[in-house]
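Each remark here refers to the structure printed beneath this line.
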Amino acid sequence: MKQQKKEEEAKILAQMDEAMREKETQNPENAPKRVGLIKDKTPAMVHCHKCGTLMENGKCPNCGHTIYTPMDEKTQKTIRWIFGGICLAVLLVIVLLK
């Protein structure tokens with residue numbers, strides 16, 4: 001029963017995606033704005049998790065909620081270096097105090 005529902009939902013979603021693509025190719029200037037990225041880097045329409053409004057450039061125009069954006073690699077490396085230095089300093093202080 002659950003398997004049938006999942007298959008039916010997948011079929012309906014595929015049909016909806018196909019219809020949206022057809023509509024976009026027929027009349028591209030009236031196509032809805034695509035914001036955000038799905039895992040495979042294809043654009044997708046994203047709705048706000050709080051109020052359900054279509055988001056614009058990763059921010060909800062209704063409530064102001066923003067999409068999570070991970071830190072860039074340079075910032076991550078900087079934090080790792082700082083944290084590593086602090087850990088090393090603490091280790092040296094512990095070793096010297098014994």
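Each chain of the structure tokens is named A, B, ... in the order shown, its residues numbered from 1; ligands are numbered from 1 in display order.
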Practice task
Report as a VMD selection string: the residues of chain A with a DSSP assignment of strand (DSSP E or B), based on the backbone of this structure.
Solution key: chain A and resid 37 43 47 54 56 59 66
Report as a PDB file with N, CA and C atoms, in the first residue's frame all protein, DNA and RNA residues lying within 8 Å of Met55 in chain A, evaluated on only C-alpha atoms, omitting residues in the same chain fewer than 5 positions from it.
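Everything below was put into part_20.pdb:
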```
ATOM      1  N   VAL A  35      14.780  29.901  -7.916  1.00  0.00           N
ATOM      2  CA  VAL A  35      15.706  30.348  -6.889  1.00  0.00           C
ATOM      3  C   VAL A  35      16.227  29.129  -6.159  1.00  0.00           C
ATOM      4  N   MET A  45      12.466  26.073  -7.561  1.00  0.00           N
ATOM      5  CA  MET A  45      11.694  27.059  -6.824  1.00  0.00           C
ATOM      6  C   MET A  45      11.731  26.661  -5.359  1.00  0.00           C
ATOM      7  N   VAL A  46      12.007  27.612  -4.494  1.00  0.00           N
ATOM      8  CA  VAL A  46      12.112  27.336  -3.072  1.00  0.00           C
ATOM      9  C   VAL A  46      11.075  28.161  -2.340  1.00  0.00           C
ATOM     10  N   HIS A  47      10.361  27.490  -1.452  1.00  0.00           N
ATOM     11  CA  HIS A  47       9.362  28.171  -0.636  1.00  0.00           C
ATOM     12  C   HIS A  47       9.881  28.297   0.787  1.00  0.00           C
ATOM     13  N   CYS A  48       9.484  29.347   1.449  1.00  0.00           N
ATOM     14  CA  CYS A  48       9.896  29.616   2.821  1.00  0.00           C
ATOM     15  C   CYS A  48       9.385  28.513   3.742  1.00  0.00           C
ATOM     16  N   CYS A  60      13.066  35.355   2.062  1.00  0.00           N
ATOM     17  CA  CYS A  60      11.605  35.439   1.969  1.00  0.00           C
ATOM     18  C   CYS A  60      11.174  36.906   1.996  1.00  0.00           C
ATOM     19  N   PRO A  61      10.423  37.353   0.998  1.00  0.00           N
ATOM     20  CA  PRO A  61       9.979  38.752   0.993  1.00  0.00           C
ATOM     21  C   PRO A  61       8.894  39.016   2.040  1.00  0.00           C
TER      22      PRO A  61
END
```
task = Just list the residues in chain A DSSP gives alpha helix (DSSP H) on the backbone, as a PyMOL selection string.
result = chain A and resi 2-26+73-97
Worksheet item: How far is it from CA of Pro70 in chain A to CA of His49 in chain A, in Å with one decimal?
Response: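 Those two atoms sit 17.6 Å apart.
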task = Measure the distance from CA of Lys59 in chain A to CA of Asp72 in chain A in Å and round it to one decimal.
result =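 Straight-line distance from CA of Lys59 in chain A to CA of Asp72 in chain A works out to 18.9 Å.
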